[in-house]
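Visitor: upload-v1.txt is reproduced below (compact mmCIF, C-alpha atoms).
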```txt
# COMPACT_ATOMS: atom_id res chain seq x y z
CA MET Q 1 -39.01 3.83 11.31
CA VAL Q 2 -41.98 4.90 9.21
CA GLY Q 3 -44.60 6.57 11.39
CA ILE Q 4 -47.91 4.73 11.09
CA SER Q 5 -50.81 5.91 13.21
CA ASP Q 6 -52.80 3.44 15.32
CA THR Q 7 -55.88 4.27 13.27
CA LEU Q 8 -54.15 3.50 10.01
CA MET Q 9 -52.74 0.27 11.45
CA ARG Q 10 -56.25 -0.79 12.44
CA GLU Q 11 -57.52 0.09 8.98
CA LEU Q 12 -54.74 -2.02 7.50
CA GLY Q 13 -56.07 -4.93 9.52
CA GLY Q 14 -53.65 -4.88 12.45
CA THR Q 15 -55.52 -6.02 15.56
CA VAL Q 16 -52.67 -5.28 17.98
CA PRO Q 17 -51.48 -1.74 17.35
CA ARG Q 18 -47.92 -1.27 18.56
CA ARG Q 19 -47.18 2.30 19.53
CA THR Q 20 -43.91 4.06 19.01
CA GLU Q 21 -44.51 6.31 22.03
CA PRO Q 22 -45.54 4.51 25.21
CA LYS Q 23 -48.48 5.93 27.19
CA PRO Q 24 -47.83 6.48 30.92
CA LEU Q 25 -50.49 3.98 32.05
CA CYS Q 26 -49.28 1.32 29.61
CA LEU Q 27 -45.72 1.83 30.88
CA LYS Q 28 -46.89 1.29 34.44
CA VAL Q 29 -48.91 -1.80 33.58
CA GLY Q 30 -46.02 -3.18 31.53
CA ALA Q 31 -43.60 -2.68 34.43
CA ARG Q 32 -46.09 -4.29 36.80
CA ILE Q 33 -46.46 -7.36 34.57
CA ARG Q 34 -42.68 -7.69 34.37
CA GLU Q 35 -42.47 -7.40 38.17
CA LEU Q 36 -45.05 -10.16 38.74
CA ARG Q 37 -43.42 -12.33 36.07
CA THR Q 38 -39.90 -12.06 37.50
CA GLU Q 39 -41.29 -12.54 41.05
CA ARG Q 40 -42.35 -15.98 39.77
CA GLY Q 41 -39.06 -16.67 37.99
CA MET Q 42 -40.88 -16.86 34.64
CA SER Q 43 -39.19 -15.88 31.38
CA LEU Q 44 -40.97 -13.82 28.73
CA GLN Q 45 -41.33 -17.06 26.79
CA ASP Q 46 -42.86 -18.90 29.79
CA LEU Q 47 -45.50 -16.22 30.35
CA ALA Q 48 -46.23 -15.82 26.64
CA GLU Q 49 -46.87 -19.57 26.37
CA ALA Q 50 -48.95 -19.75 29.56
CA GLY Q 51 -51.07 -16.81 28.39
CA ALA Q 52 -51.29 -17.92 24.76
CA LEU Q 53 -49.80 -14.62 23.59
CA SER Q 54 -46.96 -14.17 21.15
CA LYS Q 55 -43.64 -13.37 22.78
CA GLY Q 56 -43.43 -10.22 20.64
CA HIS Q 57 -46.83 -8.99 21.79
CA LEU Q 58 -46.01 -9.66 25.44
CA SER Q 59 -42.70 -7.87 25.02
CA SER Q 60 -44.53 -4.85 23.55
CA ILE Q 61 -46.94 -4.91 26.47
CA GLU Q 62 -44.10 -4.97 29.02
CA GLN Q 63 -42.47 -2.03 27.25
CA GLY Q 64 -45.75 -0.09 27.38
CA LEU Q 65 -46.02 -0.06 23.60
CA ALA Q 66 -49.19 -2.10 23.08
CA ALA Q 67 -52.83 -1.20 23.67
CA ILE Q 68 -54.16 -3.43 26.46
CA THR Q 69 -57.76 -4.55 26.78
CA ILE Q 70 -59.21 -6.04 29.94
CA GLU Q 71 -59.34 -9.41 28.17
CA THR Q 72 -55.56 -9.29 27.81
CA VAL Q 73 -55.24 -8.30 31.47
CA GLU Q 74 -57.39 -11.30 32.42
CA ARG Q 75 -55.36 -13.67 30.27
CA ILE Q 76 -52.02 -12.49 31.65
CA ALA Q 77 -53.37 -12.59 35.22
CA ALA Q 78 -54.52 -16.20 34.76
CA ALA Q 79 -51.08 -17.14 33.41
CA LEU Q 80 -49.45 -15.47 36.43
CA GLY Q 81 -51.91 -17.11 38.82
CA VAL Q 82 -53.24 -13.83 40.25
CA SER Q 83 -56.58 -12.01 40.23
CA PRO Q 84 -56.97 -9.70 37.20
CA PHE Q 85 -56.92 -6.59 39.40
CA CYS Q 86 -53.37 -7.40 40.59
CA VAL Q 87 -52.07 -6.55 37.11
CA ILE Q 88 -53.25 -2.93 37.41
CA THR Q 89 -52.36 -2.47 41.08
CA PHE Q 90 -49.62 0.12 41.70
CA PRO Q 91 -48.34 -0.19 45.27
CA GLU Q 92 -46.11 2.90 44.97
CA ASP Q 93 -49.01 5.16 43.95
CA ASP Q 94 -51.70 4.65 46.51
CA GLU Q 95 -52.29 3.29 50.01
CA LEU Q 96 -55.16 1.03 48.90
CA ASP Q 97 -53.04 -0.42 46.09
CA ARG Q 98 -50.29 -1.04 48.65
CA ILE Q 99 -52.75 -2.86 50.95
CA ALA Q 100 -54.03 -5.01 48.07
CA ASP Q 101 -50.47 -5.92 47.11
CA LEU Q 102 -49.41 -6.73 50.67
CA ALA Q 103 -52.52 -8.90 51.10
CA ARG Q 104 -51.61 -10.71 47.86
CA LYS Q 105 -48.31 -11.75 49.42
CA LEU Q 106 -49.90 -13.25 52.55
CA PRO Q 107 -50.16 -17.02 52.88
CA LYS Q 108 -53.69 -18.36 52.23
CA GLY Q 109 -54.55 -18.93 55.88
CA GLU Q 110 -53.47 -15.40 56.82
CA ARG Q 111 -55.49 -14.04 53.97
CA ARG Q 112 -58.63 -15.81 55.16
CA LYS Q 113 -58.05 -14.43 58.67
CA LEU Q 114 -57.62 -10.91 57.27
CA ARG Q 115 -60.82 -11.20 55.23
CA LYS Q 116 -62.76 -12.21 58.33
CA GLU Q 117 -61.20 -9.38 60.36
CA LEU Q 118 -62.17 -6.86 57.69
CA GLU Q 119 -65.71 -8.22 57.45
CA GLY Q 120 -65.97 -7.53 61.15
CA ARG Q 121 -64.60 -3.99 60.84
CA THR Q 122 -66.59 -2.76 57.87
CA THR Q 123 -69.90 -1.20 58.74
CA HIS Q 124 -70.86 0.05 55.28
CA GLU Q 125 -72.84 -3.06 54.43
CA PRO Q 126 -76.23 -3.82 55.93
CA PRO Q 127 -76.22 -6.79 58.32
CA ALA Q 128 -77.22 -10.06 56.67
CA MET T 1 -80.26 -5.59 13.77
CA VAL T 2 -77.76 -6.15 10.99
CA GLY T 3 -74.86 -8.28 12.24
CA ILE T 4 -71.58 -6.48 11.72
CA SER T 5 -68.44 -8.12 13.05
CA ASP T 6 -66.03 -6.19 15.29
CA THR T 7 -63.37 -6.60 12.62
CA LEU T 8 -65.58 -5.13 9.92
CA MET T 9 -66.59 -2.28 12.23
CA ARG T 10 -62.93 -1.51 12.85
CA GLU T 11 -62.27 -1.60 9.12
CA LEU T 12 -65.14 0.82 8.64
CA GLY T 13 -63.39 3.20 10.99
CA GLY T 14 -65.31 2.54 14.20
CA THR T 15 -62.98 3.03 17.14
CA VAL T 16 -65.42 1.77 19.79
CA PRO T 17 -66.85 -1.52 18.59
CA ARG T 18 -70.17 -2.30 20.25
CA ARG T 19 -70.83 -6.00 20.48
CA THR T 20 -74.21 -7.63 20.13
CA GLU T 21 -73.16 -10.51 22.43
CA PRO T 22 -71.55 -9.47 25.70
CA LYS T 23 -68.36 -11.26 26.79
CA PRO T 24 -68.40 -12.66 30.34
CA LEU T 25 -65.53 -10.45 31.58
CA CYS T 26 -67.07 -7.31 30.04
CA LEU T 27 -70.39 -8.16 31.70
CA LYS T 28 -68.66 -8.44 35.06
CA VAL T 29 -66.74 -5.18 34.62
CA GLY T 30 -69.89 -3.43 33.43
CA ALA T 31 -71.83 -4.62 36.49
CA ARG T 32 -68.95 -3.56 38.73
CA ILE T 33 -68.89 -0.05 37.25
CA ARG T 34 -72.65 0.24 37.73
CA GLU T 35 -72.24 -0.92 41.35
CA LEU T 36 -69.55 1.68 42.11
CA ARG T 37 -71.56 4.38 40.31
CA THR T 38 -74.81 3.72 42.19
CA GLU T 39 -72.87 3.40 45.48
CA ARG T 40 -71.95 7.07 44.87
CA GLY T 41 -75.47 8.08 43.84
CA MET T 42 -74.21 9.07 40.39
CA SER T 43 -76.41 8.85 37.30
CA LEU T 44 -75.12 7.47 34.01
CA GLN T 45 -75.02 11.09 32.82
CA ASP T 46 -72.99 12.21 35.88
CA LEU T 47 -70.35 9.53 35.39
CA ALA T 48 -70.23 10.01 31.62
CA GLU T 49 -69.56 13.73 32.12
CA ALA T 50 -66.99 13.20 34.89
CA GLY T 51 -65.16 10.64 32.75
CA ALA T 52 -65.50 12.57 29.48
CA LEU T 53 -67.21 9.60 27.82
CA SER T 54 -70.43 9.68 25.83
CA LYS T 55 -73.46 8.46 27.76
CA GLY T 56 -74.06 5.87 25.02
CA HIS T 57 -70.54 4.48 25.30
CA LEU T 58 -70.76 4.27 29.09
CA SER T 59 -74.13 2.57 28.81
CA SER T 60 -72.62 0.00 26.39
CA ILE T 61 -69.76 -0.57 28.83
CA GLU T 62 -72.15 -1.13 31.75
CA GLN T 63 -74.09 -3.62 29.63
CA GLY T 64 -70.88 -5.48 28.79
CA LEU T 65 -71.24 -4.63 25.12
CA ALA T 66 -68.14 -2.47 24.56
CA ALA T 67 -64.48 -3.42 24.35
CA ILE T 68 -62.68 -1.86 27.33
CA THR T 69 -59.05 -0.79 27.32
CA ILE T 70 -57.09 -0.04 30.48
CA GLU T 71 -57.17 3.64 29.53
CA THR T 72 -60.97 3.54 29.75
CA VAL T 73 -60.72 1.73 33.09
CA GLU T 74 -58.37 4.47 34.35
CA ARG T 75 -60.67 7.25 33.15
CA ILE T 76 -63.78 5.73 34.74
CA ALA T 77 -61.87 5.02 37.97
CA ALA T 78 -60.74 8.66 38.18
CA ALA T 79 -64.33 9.81 37.63
CA LEU T 80 -65.49 7.46 40.41
CA GLY T 81 -62.63 8.55 42.69
CA VAL T 82 -61.16 5.05 43.10
CA SER T 83 -57.90 3.35 42.14
CA PRO T 84 -58.04 1.82 38.64
CA PHE T 85 -57.81 -1.72 40.05
CA CYS T 86 -61.11 -1.27 41.93
CA VAL T 87 -62.96 -1.32 38.61
CA ILE T 88 -61.81 -4.89 37.88
CA THR T 89 -62.10 -6.21 41.44
CA PHE T 90 -64.75 -8.91 41.87
CA PRO T 91 -65.46 -9.46 45.58
CA GLU T 92 -67.76 -12.43 44.95
CA ASP T 93 -65.13 -14.35 42.99
CA ASP T 94 -62.03 -14.39 45.13
CA GLU T 95 -60.86 -13.86 48.70
CA LEU T 96 -58.17 -11.35 47.70
CA ASP T 97 -60.68 -9.34 45.67
CA ARG T 98 -62.98 -9.37 48.71
CA ILE T 99 -60.15 -8.08 50.94
CA ALA T 100 -59.31 -5.30 48.47
CA ASP T 101 -62.97 -4.25 48.32
CA LEU T 102 -63.42 -4.31 52.09
CA ALA T 103 -60.24 -2.23 52.49
CA ARG T 104 -61.63 0.25 49.94
CA LYS T 105 -64.63 0.84 52.22
CA LEU T 106 -62.53 1.60 55.30
CA PRO T 107 -62.15 5.20 56.47
CA LYS T 108 -58.75 6.71 55.56
CA GLY T 109 -57.31 6.45 59.07
CA GLU T 110 -58.29 2.77 59.36
CA ARG T 111 -56.77 2.16 55.96
CA ARG T 112 -53.45 3.65 57.01
CA LYS T 113 -53.49 1.49 60.16
CA LEU T 114 -54.19 -1.61 58.08
CA ARG T 115 -51.35 -0.79 55.67
CA LYS T 116 -48.93 -0.49 58.59
CA GLU T 117 -50.20 -3.74 60.14
CA LEU T 118 -49.70 -5.55 56.84
CA GLU T 119 -46.23 -4.12 56.34
CA GLY T 120 -45.39 -5.64 59.71
CA ARG T 121 -46.85 -9.04 58.79
CA THR T 122 -45.39 -9.50 55.33
CA THR T 123 -42.02 -11.19 55.28
CA HIS T 124 -41.65 -11.64 51.51
CA GLU T 125 -39.74 -8.43 51.02
CA PRO T 126 -36.08 -8.01 51.94
CA PRO T 127 -35.49 -5.59 54.84
CA ALA T 128 -34.68 -2.04 53.66
```
Produce structure tokens that represent the structure in this file.
Guide:
Amino acid sequence: MVGISDTLMRELGGTVPRRTEPKPLCLKVGARIRELRTERGMSLQDLAEAGALSKGHLSSIEQGLAAITIETVERIAAALGVSPFCVITFPEDDELDRIADLARKLPKGERRKLRKELEGRTTHEPPA
Amino acid sequence: MVGISDTLMRELGGTVPRRTEPKPLCLKVGARIRELRTERGMSLQDLAEAGALSKGHLSSIEQGLAAITIETVERIAAALGVSPFCVITFPEDDELDRIADLARKLPKGERRKLRKELEGRTTHEPPA
């Protein structure tokens, strides 16, 4: 493969630079998207269509080879039916990420109950 | 101000296109970053230095005028001392976002307790 830098690709008019070496964060986000997609039983094609992305671009993203903007995160999240933040949540890395991911899996009623519980516990906000 | 399109700016070699019209998502992320920054009593200069960004770029981001990649999100999150997902969490928009933000404000011990509680509640994962 001929090595073309991201900068050169952009200068040549490419709007979606595809890297040959994945960056660690992109790898993690790609793996996370694949996890959420398979959790829903969606194929690459299904998610690409729902998110109005090309299948090739989505595949690059899942392999950690594409630069990802927050707009792309938002679009993929909408297609998956989750909040944008869920796409960059890494339950294995951090306790707060783990909490956010466990809360995501709760049924709606349980989630509402949890939100009310937490509003009662938190004292960092001034009373209304 | 002379109107230069993002595409033209990229072609001219600009790596950080600054928009003249903010996009809704960028506005929200910019406001969120400002919120987390002021919550910590950090100035624009403080956060720019901690995140190794120029003050001008950070200011554009906070105003919703700069394209934001997930790498930038990660860098700003590290400088703020939060998980990357916290930067794109919007507590006013969604119950799950609200839960994640309330959990963020809990003391560490409370957070651990909550994580254990949730691990007990969630039944979506197969037993180990």
Visitor: For chain Q versus chain T, which residues have an atom no more than 8 Å away, and what is each residue's nearest atom pair and distance in Å rounded to one decimal, using all atoms listed in the file, chain-then-number order, as CSV?
Guide:
```
residue,atom,partner,partner_atom,distance
Q:Thr7,CA,T:Gly13,CA,7.9
Q:Arg10,CA,T:Arg10,CA,6.7
Q:Glu11,CA,T:Glu11,CA,5.0
Q:Leu12,CA,T:Glu11,CA,7.7
Q:Gly13,CA,T:Glu11,CA,7.0
Q:Leu25,CA,T:Glu71,CA,7.1
Q:Cys26,CA,T:Ile70,CA,8.0
Q:Ala67,CA,T:Thr69,CA,7.2
Q:Ile68,CA,T:Thr69,CA,5.6
Q:Thr69,CA,T:Thr69,CA,4.0
Q:Ile70,CA,T:Thr69,CA,5.9
Q:Glu71,CA,T:Leu25,CA,7.1
Q:Ser83,CA,T:Asp97,CA,7.3
Q:Pro84,CA,T:Ile88,CA,6.9
Q:Phe85,CA,T:Phe85,CA,5.0
Q:Cys86,CA,T:Phe85,CA,7.2
Q:Ile88,CA,T:Phe85,CA,5.4
Q:Thr89,CA,T:Phe85,CA,5.6
Q:Asp94,CA,T:Ser83,CA,7.7
Q:Glu95,CA,T:Arg115,CA,7.0
Q:Leu96,CA,T:Arg104,CA,6.6
Q:Asp97,CA,T:Ser83,CA,7.3
Q:Arg98,CA,T:Arg115,CA,7.1
Q:Ile99,CA,T:Arg115,CA,5.3
Q:Ala100,CA,T:Ala100,CA,5.3
Q:Leu102,CA,T:Leu118,CA,6.3
Q:Ala103,CA,T:Leu96,CA,7.0
Q:Arg104,CA,T:Leu96,CA,6.6
Q:Lys105,CA,T:Thr122,CA,7.0
Q:Leu106,CA,T:Thr122,CA,6.5
Q:Arg111,CA,T:Leu96,CA,7.3
Q:Arg112,CA,T:Glu95,CA,7.1
Q:Leu114,CA,T:Ile99,CA,7.4
Q:Arg115,CA,T:Ile99,CA,5.3
Q:Leu118,CA,T:Leu102,CA,6.3
Q:Glu119,CA,T:Leu102,CA,7.0
Q:Thr122,CA,T:Leu106,CA,6.5
Q:His124,CA,T:Lys105,CA,7.0
```
Visitor: Near Leu44 in chain T, counting all atoms listed in the file, which residues have an atom at most 12 Å away, once you skip same-chain residues fewer than 4 positions from it, shown as a VMD selection string?
Guide: chain T and resid 33 to 38 40 48 to 63 76 79 to 80
Visitor: In Å, with one decimal, what is the gap from CA of Gly64 in chain Q to CA of Glu21 in chain T?
Guide: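 We find that CA of Gly64 in chain Q and CA of Glu21 in chain T lie 29.7 Å from each other.
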Visitor: Take every atom of range 39-55 of chain Q listed in the file, fit an axis-aligned box around them, add 3 Å per side, and give the centre and edge lengths in Å to one decimal as AutoDock Vina command-line options.
Guide:
```
--center_x -45.2 --center_y -16.1 --center_z 31.1 --size_x 18.2 --size_y 13.2 --size_z 25.9
```
Visitor: Could you check how far CA of Pro22 in chain Q sits from CA of Ala66 in chain T, in Å to one decimal?
Guide: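 Straight-line distance from CA of Pro22 in chain Q to CA of Ala66 in chain T works out to 23.7 Å.
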Visitor: What is the CA of Ala77 in chain Q to CA of Arg32 in chain Q distance in Å?
Guide: 11.2 Å
